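Heads up, start26.pdb below (PDB, C-alpha atoms):
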```
ATOM      1  CA  MET Q   1       0.000   0.000   0.000
ATOM      2  CA  ALA Q   2       3.051   2.257  -0.210
ATOM      3  CA  ILE Q   3       1.514   4.125  -3.117
ATOM      4  CA  PHE Q   4      -1.112   5.660  -0.787
ATOM      5  CA  ASN Q   5       1.006   6.015   2.374
ATOM      6  CA  SER Q   6       0.896   9.803   2.533
ATOM      7  CA  GLU Q   7      -2.863   9.946   1.955
ATOM      8  CA  LEU Q   8      -3.564   7.227   4.518
ATOM      9  CA  GLN Q   9      -1.510   9.102   7.119
ATOM     10  CA  ASN Q  10      -3.280  12.381   6.425
ATOM     11  CA  PRO Q  11      -6.177  12.816   8.904
ATOM     12  CA  ASN Q  12      -8.050  14.965   6.377
ATOM     13  CA  THR Q  13      -8.242  12.213   3.736
ATOM     14  CA  LYS Q  14     -11.702  10.804   3.148
ATOM     15  CA  PHE Q  15     -12.469   7.493   1.475
ATOM     16  CA  PHE Q  16     -15.166   6.482  -0.998
ATOM     17  CA  ILE Q  17     -16.580   3.713  -3.153
ATOM     18  CA  LEU Q  18     -17.404   5.046  -6.622
ATOM     19  CA  ASP Q  19     -19.698   3.151  -8.980
ATOM     20  CA  THR Q  20     -18.700   3.073 -12.631
ATOM     21  CA  GLY Q  21     -19.665   1.280 -15.814
ATOM     22  CA  ARG Q  22     -22.976   2.961 -16.581
ATOM     23  CA  ILE Q  23     -22.836   4.359 -20.102
ATOM     24  CA  GLU Q  24     -24.714   7.534 -19.194
ATOM     25  CA  HIS Q  25     -21.931   8.616 -16.844
ATOM     26  CA  ARG Q  26     -19.670   9.207 -19.843
ATOM     27  CA  ASP Q  27     -16.705   8.955 -17.511
ATOM     28  CA  ILE Q  28     -13.283   7.509 -18.215
ATOM     29  CA  ASP Q  29     -12.142   4.935 -15.668
ATOM     30  CA  PHE Q  30      -8.877   5.891 -13.953
ATOM     31  CA  GLU Q  31      -8.928   9.284 -15.656
ATOM     32  CA  MET Q  32     -12.091  11.274 -14.871
ATOM     33  CA  TYR Q  33     -15.231  10.921 -12.741
ATOM     34  CA  SER Q  34     -18.260  13.242 -12.684
ATOM     35  CA  TRP Q  35     -21.203  13.870 -10.346
ATOM     36  CA  ASN Q  36     -23.486  16.710  -9.245
ATOM     37  CA  LYS Q  37     -22.648  18.752  -6.148
ATOM     38  CA  HIS Q  38     -26.324  19.368  -5.372
ATOM     39  CA  ARG Q  39     -26.845  15.638  -4.849
ATOM     40  CA  TYR Q  40     -23.478  14.678  -3.406
ATOM     41  CA  ASN Q  41     -20.756  17.082  -2.335
ATOM     42  CA  LEU Q  42     -18.429  15.270   0.054
ATOM     43  CA  MET Q  43     -15.319  14.527  -2.010
ATOM     44  CA  ASN Q  44     -12.298  16.792  -2.019
ATOM     45  CA  PRO Q  45      -8.947  16.745  -3.817
ATOM     46  CA  GLY Q  46      -6.637  14.279  -2.104
ATOM     47  CA  ASP Q  47      -9.372  11.808  -1.177
ATOM     48  CA  LEU Q  48      -9.031   8.129  -2.084
ATOM     49  CA  PHE Q  49     -11.550   5.783  -3.648
ATOM     50  CA  ILE Q  50     -12.300   2.193  -4.617
ATOM     51  CA  TYR Q  51     -14.012   1.487  -7.944
ATOM     52  CA  ARG Q  52     -17.124  -0.727  -7.921
ATOM     53  CA  LYS Q  53     -18.892  -2.111 -10.979
ATOM     54  CA  PRO Q  54     -22.578  -2.668 -10.070
ATOM     55  CA  GLN Q  55     -24.549  -5.812 -10.902
ATOM     56  CA  LYS Q  56     -26.550  -4.169 -13.687
ATOM     57  CA  VAL Q  57     -23.458  -3.461 -15.765
ATOM     58  CA  SER Q  58     -21.218  -6.283 -14.568
ATOM     59  CA  GLU Q  59     -20.012  -8.854 -17.088
ATOM     60  CA  ASN Q  60     -21.284 -11.750 -14.983
ATOM     61  CA  GLY Q  61     -24.130 -10.248 -12.971
ATOM     62  CA  LYS Q  62     -22.105  -9.805  -9.775
ATOM     63  CA  PHE Q  63     -20.929  -6.457  -8.509
ATOM     64  CA  TYR Q  64     -17.210  -6.270  -7.945
ATOM     65  CA  PHE Q  65     -14.418  -3.987  -6.828
ATOM     66  CA  PHE Q  66     -11.671  -3.661  -9.410
ATOM     67  CA  GLY Q  67      -9.406  -0.740  -8.689
ATOM     68  CA  ALA Q  68      -8.452   2.306  -6.652
ATOM     69  CA  GLY Q  69      -7.192   5.836  -7.148
ATOM     70  CA  LYS Q  70      -6.830   9.361  -5.809
ATOM     71  CA  ILE Q  71      -9.006  12.389  -6.497
ATOM     72  CA  GLU Q  72      -6.506  14.868  -7.887
ATOM     73  CA  GLN Q  73      -8.457  17.971  -8.931
ATOM     74  CA  ILE Q  74     -12.148  18.873  -8.958
ATOM     75  CA  SER Q  75     -13.665  21.422 -11.320
ATOM     76  CA  GLU Q  76     -17.020  22.526 -12.715
ATOM     77  CA  VAL Q  77     -18.122  20.692 -15.865
ATOM     78  CA  ALA Q  78     -18.405  23.045 -18.819
ATOM     79  CA  PRO Q  79     -21.938  23.179 -20.322
ATOM     80  CA  GLU Q  80     -20.613  22.115 -23.737
ATOM     81  CA  ALA Q  81     -18.815  19.060 -22.320
ATOM     82  CA  LEU Q  82     -20.109  15.550 -23.059
ATOM     83  CA  ASN Q  83     -20.419  14.724 -19.378
ATOM     84  CA  PHE Q  84     -22.503  17.828 -18.599
ATOM     85  CA  LYS Q  85     -26.079  17.060 -17.570
ATOM     86  CA  GLN Q  86     -27.172  19.945 -15.393
ATOM     87  CA  PRO Q  87     -25.852  22.933 -13.436
ATOM     88  CA  GLY Q  88     -23.754  21.838 -10.484
ATOM     89  CA  ASP Q  89     -21.992  19.036 -12.347
ATOM     90  CA  LEU Q  90     -18.430  18.442 -11.198
ATOM     91  CA  GLU Q  91     -15.609  16.375 -12.608
ATOM     92  CA  ALA Q  92     -12.537  15.020 -10.887
ATOM     93  CA  SER Q  93      -9.251  14.115 -12.472
ATOM     94  CA  ILE Q  94      -7.746  10.918 -11.107
ATOM     95  CA  SER Q  95      -4.168  10.098 -10.200
ATOM     96  CA  LYS Q  96      -2.336   7.060  -8.790
ATOM     97  CA  PRO Q  97      -4.579   4.552 -10.647
ATOM     98  CA  ILE Q  98      -4.394   0.922  -9.541
ATOM     99  CA  LEU Q  99      -6.158  -1.941 -11.286
ATOM    100  CA  PHE Q 100      -6.569  -4.745  -8.773
ATOM    101  CA  ASP Q 101      -4.589  -7.893  -9.368
ATOM    102  CA  GLN Q 102      -7.631  -9.793  -8.105
ATOM    103  CA  PHE Q 103     -11.128  -8.475  -8.809
ATOM    104  CA  LEU Q 104     -13.168  -8.769  -5.613
ATOM    105  CA  TYR Q 105     -16.683 -10.127  -6.248
ATOM    106  CA  GLN Q 106     -19.726  -9.818  -4.029
ATOM    107  CA  ASP Q 107     -19.761 -13.521  -3.208
ATOM    108  CA  GLN Q 108     -16.171 -13.350  -1.949
ATOM    109  CA  ILE Q 109     -16.890 -10.934   0.876
ATOM    110  CA  HIS Q 110     -19.575 -10.399   3.504
ATOM    111  CA  PRO Q 111     -21.407  -7.135   4.314
ATOM    112  CA  THR Q 112     -20.000  -7.174   7.849
ATOM    113  CA  GLU Q 113     -16.485  -6.889   6.420
ATOM    114  CA  LEU Q 114     -17.468  -3.485   5.032
ATOM    115  CA  LYS Q 115     -18.983  -2.356   8.355
ATOM    116  CA  ASP Q 116     -22.653  -2.862   7.600
ATOM    117  CA  THR Q 117     -24.596   0.176   8.835
ATOM    118  CA  ARG Q 118     -28.051  -0.900   7.628
ATOM    119  CA  LYS Q 119     -30.806  -0.936  10.212
ATOM    120  CA  GLU Q 120     -31.901  -4.398   9.068
ATOM    121  CA  LYS Q 121     -28.759  -6.426   8.520
ATOM    122  CA  ASP Q 122     -28.687  -9.708   6.606
ATOM    123  CA  ASP Q 123     -26.373 -11.736   4.381
ATOM    124  CA  SER Q 124     -27.538 -10.008   1.213
ATOM    125  CA  TRP Q 125     -26.319  -6.713  -0.225
ATOM    126  CA  ASN Q 126     -29.816  -5.266  -0.554
ATOM    127  CA  HIS Q 127     -29.820  -1.488   0.033
ATOM    128  CA  PHE Q 128     -26.199  -1.598   1.141
ATOM    129  CA  PHE Q 129     -24.912   0.953  -1.387
ATOM    130  CA  ASN Q 130     -26.149   4.467  -2.100
ATOM    131  CA  ASN Q 131     -28.276   4.485  -5.260
ATOM    132  CA  TYR Q 132     -26.464   7.604  -6.400
ATOM    133  CA  GLY Q 133     -23.292   5.589  -6.845
ATOM    134  CA  MET Q 134     -21.038   7.307  -4.310
ATOM    135  CA  ASN Q 135     -20.508   5.871  -0.825
ATOM    136  CA  GLN Q 136     -18.237   7.216   1.887
ATOM    137  CA  ILE Q 137     -16.321   4.573   3.828
ATOM    138  CA  ASP Q 138     -13.729   4.708   6.567
ATOM    139  CA  SER Q 139     -10.013   4.085   6.183
ATOM    140  CA  ASP Q 140     -10.252   0.533   7.533
ATOM    141  CA  VAL Q 141     -12.715  -0.503   4.828
ATOM    142  CA  PHE Q 142     -10.603   1.177   2.154
ATOM    143  CA  SER Q 143      -7.483  -0.631   3.393
ATOM    144  CA  PHE Q 144      -9.366  -3.935   3.566
ATOM    145  CA  LEU Q 145     -10.581  -3.693  -0.031
ATOM    146  CA  LEU Q 146      -7.201  -2.496  -1.273
ATOM    147  CA  SER Q 147      -5.444  -5.350   0.502
ATOM    148  CA  LYS Q 148      -7.840  -7.905  -0.967
ATOM    149  CA  GLY Q 149      -7.430  -6.415  -4.429
ATOM    150  CA  LEU Q 150      -3.639  -6.442  -4.317
ATOM    151  CA  GLY Q 151      -3.587 -10.116  -3.327
ATOM    152  CA  LYS Q 152      -0.625 -11.961  -1.865
ATOM    153  CA  GLN Q 153       2.031  -9.570  -3.136
ATOM    154  CA  GLN Q 154       0.518  -6.505  -1.397
ATOM    155  CA  GLN Q 155       2.448  -4.266  -3.764
ATOM    156  CA  VAL Q 156       2.075  -2.802  -7.228
ATOM    157  CA  ASP Q 157       4.236  -3.685 -10.215
ATOM    158  CA  THR Q 158       4.199  -0.186 -11.696
ATOM    159  CA  GLU Q 159       5.009  -1.194 -15.268
ATOM    160  CA  THR Q 160       2.441  -3.981 -15.414
ATOM    161  CA  ASN Q 161      -0.196  -1.827 -13.688
ATOM    162  CA  GLU Q 162       0.286   0.973 -16.212
ATOM    163  CA  LEU Q 163      -0.198  -1.475 -19.073
ATOM    164  CA  ARG Q 164      -3.315  -3.019 -17.518
ATOM    165  CA  VAL Q 165      -4.872   0.378 -16.842
ATOM    166  CA  ALA Q 166      -4.134   1.437 -20.433
ATOM    167  CA  VAL Q 167      -5.705  -1.755 -21.805
ATOM    168  CA  HIS Q 168      -8.739  -1.329 -19.525
ATOM    169  CA  LYS Q 169      -9.399   2.130 -20.973
ATOM    170  CA  GLN Q 170      -8.597   0.982 -24.494
ATOM    171  CA  VAL Q 171     -11.143  -1.847 -24.413
ATOM    172  CA  LEU Q 172     -13.823   0.455 -22.980
ATOM    173  CA  GLN Q 173     -13.260   2.636 -26.044
ATOM    174  CA  ARG Q 174     -13.786  -0.408 -28.298
ATOM    175  CA  ASN Q 175     -10.187  -0.365 -29.468
ATOM    176  CA  HIS Q 176      -8.923  -3.954 -29.417
ATOM    177  CA  GLU Q 177      -5.732  -3.626 -31.405
ATOM    178  CA  VAL Q 178      -2.264  -4.557 -30.211
ATOM    179  CA  SER Q 179       0.307  -3.770 -32.849
ATOM    180  CA  ASN Q 180       3.304  -6.020 -33.409
ATOM    181  CA  SER Q 181       5.553  -3.211 -32.199
ATOM    182  CA  GLU Q 182       3.617  -3.112 -28.900
ATOM    183  CA  ALA Q 183       3.528  -6.896 -28.541
ATOM    184  CA  THR Q 184       7.251  -7.339 -27.968
ATOM    185  CA  VAL Q 185       8.898 -10.400 -26.467
ATOM    186  CA  LYS Q 186       8.713  -8.578 -23.134
ATOM    187  CA  THR Q 187       5.062  -7.489 -23.308
ATOM    188  CA  ARG Q 188       3.242 -10.169 -25.308
ATOM    189  CA  GLY Q 189       2.850 -12.418 -22.279
ATOM    190  CA  LYS Q 190       1.498  -9.497 -20.258
ATOM    191  CA  TYR Q 191      -1.088  -8.694 -22.934
ATOM    192  CA  GLN Q 192      -2.206 -12.315 -23.041
ATOM    193  CA  ARG Q 193      -2.448 -12.463 -19.259
ATOM    194  CA  ILE Q 194      -4.585  -9.304 -19.321
ATOM    195  CA  PHE Q 195      -6.798 -10.883 -22.002
ATOM    196  CA  ARG Q 196      -7.253 -13.942 -19.818
ATOM    197  CA  GLU Q 197      -7.620 -12.471 -16.344
ATOM    198  CA  ASP Q 198      -9.177  -9.057 -16.966
ATOM    199  CA  ILE Q 199     -11.363  -9.748 -20.006
ATOM    200  CA  VAL Q 200     -12.259 -13.350 -20.864
ATOM    201  CA  LEU Q 201     -12.473 -15.181 -17.529
ATOM    202  CA  PRO Q 202     -14.687 -12.522 -15.877
ATOM    203  CA  ASN Q 203     -16.968 -12.555 -18.940
ATOM    204  CA  TYR Q 204     -17.576 -16.278 -18.440
ATOM    205  CA  ASP Q 205     -17.787 -16.070 -14.647
ATOM    206  CA  TYR Q 206     -14.605 -18.146 -14.389
ATOM    207  CA  GLU Q 207     -16.201 -21.216 -15.937
ATOM    208  CA  CYS Q 208     -15.349 -23.216 -19.061
ATOM    209  CA  ALA Q 209     -17.958 -22.412 -21.702
ATOM    210  CA  ILE Q 210     -18.143 -26.058 -22.803
ATOM    211  CA  THR Q 211     -17.403 -28.317 -19.837
ATOM    212  CA  GLY Q 212     -18.437 -26.102 -16.918
ATOM    213  CA  ILE Q 213     -15.075 -26.669 -15.207
ATOM    214  CA  LYS Q 214     -14.347 -23.901 -12.672
ATOM    215  CA  THR Q 215     -10.879 -24.839 -11.408
ATOM    216  CA  LEU Q 216      -8.984 -21.625 -12.120
ATOM    217  CA  SER Q 217      -5.645 -23.267 -12.888
ATOM    218  CA  LEU Q 218      -7.324 -25.341 -15.617
ATOM    219  CA  LEU Q 219      -8.967 -22.411 -17.412
ATOM    220  CA  ARG Q 220      -7.601 -20.750 -20.541
ATOM    221  CA  ALA Q 221      -8.618 -17.713 -22.577
ATOM    222  CA  ALA Q 222      -8.872 -19.121 -26.082
ATOM    223  CA  HIS Q 223      -8.582 -16.712 -28.987
ATOM    224  CA  ILE Q 224     -11.121 -17.631 -31.665
ATOM    225  CA  VAL Q 225      -9.129 -15.831 -34.329
ATOM    226  CA  ARG Q 226      -5.534 -16.511 -33.424
ATOM    227  CA  TRP Q 227      -3.357 -13.796 -31.932
ATOM    228  CA  ALA Q 228      -0.995 -13.918 -34.912
ATOM    229  CA  ASP Q 229      -3.765 -13.713 -37.506
ATOM    230  CA  ASN Q 230      -5.447 -10.404 -36.636
ATOM    231  CA  LYS Q 231      -3.737  -7.701 -34.608
ATOM    232  CA  LYS Q 232      -6.913  -5.559 -34.554
ATOM    233  CA  GLU Q 233      -8.874  -8.161 -32.559
ATOM    234  CA  ARG Q 234      -6.271  -9.288 -30.035
ATOM    235  CA  LEU Q 235      -8.086  -7.748 -27.052
ATOM    236  CA  ASN Q 236     -11.650  -8.091 -28.328
ATOM    237  CA  PRO Q 237     -13.916  -9.754 -25.733
ATOM    238  CA  GLN Q 238     -15.875 -11.209 -28.668
ATOM    239  CA  ASN Q 239     -12.703 -12.959 -29.821
ATOM    240  CA  GLY Q 240     -12.265 -14.910 -26.610
ATOM    241  CA  ILE Q 241     -13.808 -17.974 -24.995
ATOM    242  CA  CYS Q 242     -13.050 -19.378 -21.557
ATOM    243  CA  LEU Q 243     -12.137 -23.043 -22.021
ATOM    244  CA  SER Q 244     -10.604 -25.754 -19.896
ATOM    245  CA  VAL Q 245      -7.171 -27.036 -20.867
ATOM    246  CA  LEU Q 246      -8.525 -30.005 -22.832
ATOM    247  CA  ALA Q 247     -11.340 -28.046 -24.491
ATOM    248  CA  ASP Q 248      -8.865 -25.318 -25.441
ATOM    249  CA  ALA Q 249      -6.497 -27.806 -27.066
ATOM    250  CA  CYS Q 250      -9.363 -29.507 -28.910
ATOM    251  CA  PHE Q 251     -10.661 -26.129 -30.098
ATOM    252  CA  GLU Q 252      -7.232 -25.097 -31.348
ATOM    253  CA  LYS Q 253      -6.712 -28.408 -33.209
ATOM    254  CA  GLY Q 254     -10.212 -28.442 -34.688
ATOM    255  CA  PHE Q 255     -11.510 -31.490 -32.825
ATOM    256  CA  ILE Q 256     -14.154 -29.096 -31.502
ATOM    257  CA  THR Q 257     -15.743 -26.123 -33.256
ATOM    258  CA  ILE Q 258     -18.642 -23.857 -32.317
ATOM    259  CA  ASP Q 259     -21.310 -23.009 -34.874
ATOM    260  CA  SER Q 260     -23.304 -19.792 -35.399
ATOM    261  CA  ASN Q 261     -25.949 -21.020 -32.949
ATOM    262  CA  TYR Q 262     -23.243 -21.364 -30.287
ATOM    263  CA  LYS Q 263     -23.516 -25.142 -30.367
ATOM    264  CA  VAL Q 264     -20.526 -27.446 -30.043
ATOM    265  CA  GLN Q 265     -19.628 -29.526 -33.081
ATOM    266  CA  VAL Q 266     -17.305 -32.480 -32.530
ATOM    267  CA  SER Q 267     -15.242 -33.304 -35.604
ATOM    268  CA  GLU Q 268     -15.147 -36.777 -37.143
ATOM    269  CA  LYS Q 269     -11.361 -36.665 -37.005
ATOM    270  CA  ALA Q 270     -11.566 -37.004 -33.237
ATOM    271  CA  LYS Q 271     -12.657 -40.632 -33.793
ATOM    272  CA  LYS Q 272      -9.073 -41.495 -34.650
ATOM    273  CA  ASP Q 273      -8.494 -41.417 -30.904
ATOM    274  CA  PRO Q 274     -11.412 -43.393 -29.370
ATOM    275  CA  ALA Q 275     -10.605 -42.244 -25.840
ATOM    276  CA  LEU Q 276     -10.567 -38.606 -26.912
ATOM    277  CA  PHE Q 277     -13.783 -38.970 -28.888
ATOM    278  CA  GLU Q 278     -15.516 -40.626 -25.961
ATOM    279  CA  GLU Q 279     -14.413 -37.761 -23.716
ATOM    280  CA  ILE Q 280     -15.646 -34.909 -25.931
ATOM    281  CA  ALA Q 281     -18.611 -36.543 -27.739
ATOM    282  CA  ARG Q 282     -20.835 -35.813 -24.741
ATOM    283  CA  TYR Q 283     -20.703 -32.104 -25.644
ATOM    284  CA  ASP Q 284     -21.643 -32.541 -29.302
ATOM    285  CA  GLY Q 285     -24.679 -30.379 -30.112
ATOM    286  CA  LEU Q 286     -24.773 -28.678 -26.731
ATOM    287  CA  LYS Q 287     -24.983 -24.896 -26.544
ATOM    288  CA  ILE Q 288     -22.046 -23.280 -24.811
ATOM    289  CA  ASN Q 289     -22.404 -21.153 -21.708
ATOM    290  CA  LEU Q 290     -22.438 -17.557 -22.922
ATOM    291  CA  PRO Q 291     -21.438 -14.275 -21.252
ATOM    292  CA  LYS Q 292     -24.278 -12.401 -19.580
ATOM    293  CA  LEU Q 293     -23.622  -9.277 -21.646
ATOM    294  CA  LYS Q 294     -24.570  -9.828 -25.299
ATOM    295  CA  GLU Q 295     -21.855  -7.460 -26.519
ATOM    296  CA  ASN Q 296     -19.235  -9.808 -25.054
ATOM    297  CA  ARG Q 297     -20.500 -12.999 -26.689
ATOM    298  CA  PRO Q 298     -18.360 -14.610 -29.402
ATOM    299  CA  ALA Q 299     -18.707 -12.871 -32.750
ATOM    300  CA  LYS Q 300     -20.211 -15.287 -35.263
ATOM    301  CA  ARG Q 301     -17.831 -14.058 -37.956
ATOM    302  CA  PHE Q 302     -14.921 -15.112 -35.747
ATOM    303  CA  LEU Q 303     -16.459 -18.553 -35.165
ATOM    304  CA  LEU Q 304     -16.889 -19.015 -38.925
ATOM    305  CA  GLU Q 305     -13.291 -17.973 -39.514
ATOM    306  CA  HIS Q 306     -12.173 -20.540 -36.937
ATOM    307  CA  GLN Q 307     -14.261 -23.273 -38.569
ATOM    308  CA  ASN Q 308     -12.743 -22.491 -41.957
ATOM    309  CA  ARG Q 309      -9.228 -22.506 -40.538
ATOM    310  CA  VAL Q 310      -9.418 -25.883 -38.801
ATOM    311  CA  SER Q 311     -11.581 -27.738 -41.317
TER     312      SER Q 311
END
```

Now that the file is in, can you turn its structure into structure tokens?
Amino acid sequence: MAIFNSELQNPNTKFFILDTGRIEHRDIDFEMYSWNKHRYNLMNPGDLFIYRKPQKVSENGKFYFFGAGKIEQISEVAPEALNFKQPGDLEASISKPILFDQFLYQDQIHPTELKDTRKEKDDSWNHFFNNYGMNQIDSDVFSFLLSKGLGKQQQVDTETNELRVAVHKQVLQRNHEVSNSEATVKTRGKYQRIFREDIVLPNYDYECAITGIKTLSLLRAAHIVRWADNKKERLNPQNGICLSVLADACFEKGFITIDSNYKVQVSEKAKKDPALFEEIARYDGLKINLPKLKENRPAKRFLLEHQNRVS
């Protein structure tokens, strides 16, 4: 937590949970956040926050905490700006962005761990968060969420974090390209890890789309159109499927394909290995598990391209 040491030691620092992900906000994660001072006017420059993506806009229907940052400057929103809605609108620039190494989902924590102040407490999260999308918390809750998000290392790899934050913003802007000059020997593995851990696995709720396997170490982020074949689609959520190790290998070799109805097709060539065919034949004709958000489901043009490649 060294990155926020000075703010945490400052008695004037306040702490917040900020909701993001709703299109109408027209904000830019880790760069700018806007709200109206007539409805909420508690944040000041120097305050710290945790980002939360609510259920309604979450990739898998669960709210989750995914990052943190510092409120750097606050200013009035100009009437001609895209994020202007009404008089009193404010916007904050954000510094010290951190994208959590481990996204923290609602089923991984309990309301009591966030100091439940509801009059009627229960195990659900009903009415826990302010509907306006901004919730003040104390320093202990901020530190708890930050610690959970940083994981075992409890520190930030600055270079990797900068790349992940950049990719996060890039994908939100529907730009999925990674040029060959960007995908160097040093960075290609980082891009592919980001594709797996930040994009594909959350979309599929950490479950193989074909087999239903949920063991994290056995899950892969399969590119439908191969990384080497199309640099413009390397980070596209619609170009990824969460598959178990075996399903991924079978998909890559063409023993398994997925048709335009999202149904599994087992190739006849798999019969050359009776044990393999017996293992995967059970999935023939079954519809894969799809991401909750339609815009993240596999693009049918990519599935057709894969079928043509492996046939």

For this session: Write out as number ranges by chain each polymer residue whose atoms come within 12 Å of Asp27 in chain Q, counting all atoms listed in the file; drop sequence neighbours fewer than 4 positions from it.
Result: Q: 18-23, 31-35, 77, 81-84, 90-94, 169, 172-173

Please write out, as AutoDock Vina command-line options, where the centre of an axis-aligned box around all listed atoms of range 121-128 of chain Q lies and how long its edges are, in Å to one decimal, after adding 5 Å on each side.
```
--center_x -28.0 --center_y -6.6 --center_z 4.0 --size_x 13.6 --size_y 20.2 --size_z 19.1
```

For this session: Please indicate the distance in Å from CA of Tyr64 in chain Q to CA of Leu104 in chain Q, rounded to one decimal place.
Result: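 CA of Leu104 in chain Q lies at a distance of 5.3 Å from CA of Tyr64 in chain Q.
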
For this session: Considering all atoms listed in the file, state which residue in the set Q:Glu80, Q:Asp229, Q:Asp273, Q:Glu207 is at the smallest distance from Ser244 in chain Q.
Result: Q:Glu207

Exercise. Taking into account all atoms listed in the file, which residue in the set Q:Leu99, Q:Leu8, Q:Val245, Q:Ile3 is nearest to Thr211 in chain Q?
Worked result: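 Going through Q:Leu99, Q:Leu8, Q:Val245, Q:Ile3 one by one, the smallest distance to Thr211 in chain Q is for Q:Val245.
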
Seminar exercise, completed: As a check of understanding: the span from CA of Ser139 in chain Q to CA of Glu72 in chain Q is 18.1 Å

For this session: Might you spell out which residues the PyMOL selection byres ((chain Q and resi 53) around 12) would select in the displayed file, as a PyMOL selection string?
Result: chain Q and resi 17-23+29+50-52+54-67+103-106+129+133-134

For this session: Considering all atoms listed in the file, state which residue in the set Q:Phe142, Q:Phe302, Q:Phe255, Q:Trp125 is at the smallest distance from Asp47 in chain Q.
Result: Q:Phe142

Exercise. Could you state the separation of CA of Ser95 in chain Q and CA of Glu162 in chain Q in Å, given to one decimal place?
Worked result: 11.8 Å

For this session: List every protein, DNA or RNA residue that has at least one atom no more than 12 Å from (-9.3, -12.0, -20.4) in the file's coordinates, counting all atoms listed in the file, and write the result as a PyMOL selection string.
Result: chain Q and resi 59+164+167-168+171+190-206+219-223+234-243+296

For this session: Considering all atoms listed in the file, return as a VMD selection string whatever protein or nucleic-acid residues lie within 9 Å of range 120-123 of chain Q, sequence-local ones (same chain, fewer than 6 positions apart) excluded.
Result: chain Q and resid 110 to 112

Mind writing the picked residues with C-alpha atoms as a PDB file, in the coordinates of the input?
```pdb
ATOM      1  CA  HIS Q 110     -19.575 -10.399   3.504  1.00  0.00           C
ATOM      2  CA  PRO Q 111     -21.407  -7.135   4.314  1.00  0.00           C
ATOM      3  CA  THR Q 112     -20.000  -7.174   7.849  1.00  0.00           C
TER       4      THR Q 112
END
```

Problem set entry | For Lys37 in chain Q, the nearest of the candidates Q:Ser124, Q:Gln86, Q:Thr184, Q:Gln102, counting all atoms listed in the file |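 Among Q:Ser124, Q:Gln86, Q:Thr184, Q:Gln102, it is Q:Gln86 that comes nearest to Lys37 in chain Q.
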
Exercise. Closest to Lys271 in chain Q among Q:His38, Q:Ile256, Q:Leu290, Q:Thr158, using all atoms listed in the file?
Worked result: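 Ranked by minimum distance to Lys271 in chain Q, first place goes to Q:Ile256.
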
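Residues captured in this structure file are Q:His223, Q:Ile224, Q:Val225, Q:Arg226, Q:Phe251, Q:Glu252, Q:Gly254, Q:Ile256, Q:Thr257, Q:Ile258, Q:Asp259, Q:Gln265, Q:Lys300, Q:Arg301, Q:Phe302, Q:Leu303, Q:Leu304, Q:Asn308, Q:Arg309, Q:Val310, Q:Ser311, according to the PyMOL selection byres ((chain Q and resi 305-307) around 10).
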
Problem set entry | Surrounding residues of Phe277 in chain Q excluding itself and chain neighbours under 4 positions, 9 Å, only C-alpha atoms, as a list in words | Phe255, Val266, Ser267, Glu268, Lys269, Ala270, Lys271, Lys272, Asp273, Ala281 and Arg282 of chain Q

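The shortest atom-to-atom distance to Asn180 in chain Q, with only C-alpha atoms taken into account, belongs to Q:Ala228 out of Q:Ala228, Q:Ile210, Q:Leu145, Q:Ala68.
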
For range 222-232 of chain Q, which lacks atoms in the input, supply N, CA and C atoms and format the output as a compact mmCIF listing (two decimals), in the frame of the given file.
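Done, and the output landed in selection_2.txt:
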```txt
# COMPACT_ATOMS: atom_id res chain seq x y z
N ALA Q 222 -9.14 -18.72 -24.70
CA ALA Q 222 -8.87 -19.12 -26.08
C ALA Q 222 -9.22 -18.00 -27.03
N HIS Q 223 -8.27 -17.62 -27.89
CA HIS Q 223 -8.58 -16.71 -28.99
C HIS Q 223 -9.31 -17.51 -30.07
N ILE Q 224 -10.41 -16.98 -30.57
CA ILE Q 224 -11.12 -17.63 -31.66
C ILE Q 224 -10.34 -17.42 -32.97
N VAL Q 225 -10.08 -16.16 -33.26
CA VAL Q 225 -9.13 -15.83 -34.33
C VAL Q 225 -7.78 -15.69 -33.67
N ARG Q 226 -6.82 -16.43 -34.11
CA ARG Q 226 -5.53 -16.51 -33.42
C ARG Q 226 -4.85 -15.15 -33.28
N TRP Q 227 -4.12 -15.01 -32.22
CA TRP Q 227 -3.36 -13.80 -31.93
C TRP Q 227 -2.56 -13.34 -33.15
N ALA Q 228 -1.88 -14.27 -33.80
CA ALA Q 228 -1.00 -13.92 -34.91
C ALA Q 228 -1.75 -13.53 -36.17
N ASP Q 229 -3.03 -13.89 -36.25
CA ASP Q 229 -3.76 -13.71 -37.51
C ASP Q 229 -4.48 -12.38 -37.65
N ASN Q 230 -4.71 -11.67 -36.54
CA ASN Q 230 -5.45 -10.40 -36.64
C ASN Q 230 -5.09 -9.51 -35.45
N LYS Q 231 -4.20 -8.57 -35.69
CA LYS Q 231 -3.74 -7.70 -34.61
C LYS Q 231 -4.83 -6.76 -34.11
N LYS Q 232 -5.85 -6.48 -34.95
CA LYS Q 232 -6.91 -5.56 -34.55
C LYS Q 232 -7.90 -6.17 -33.56
```
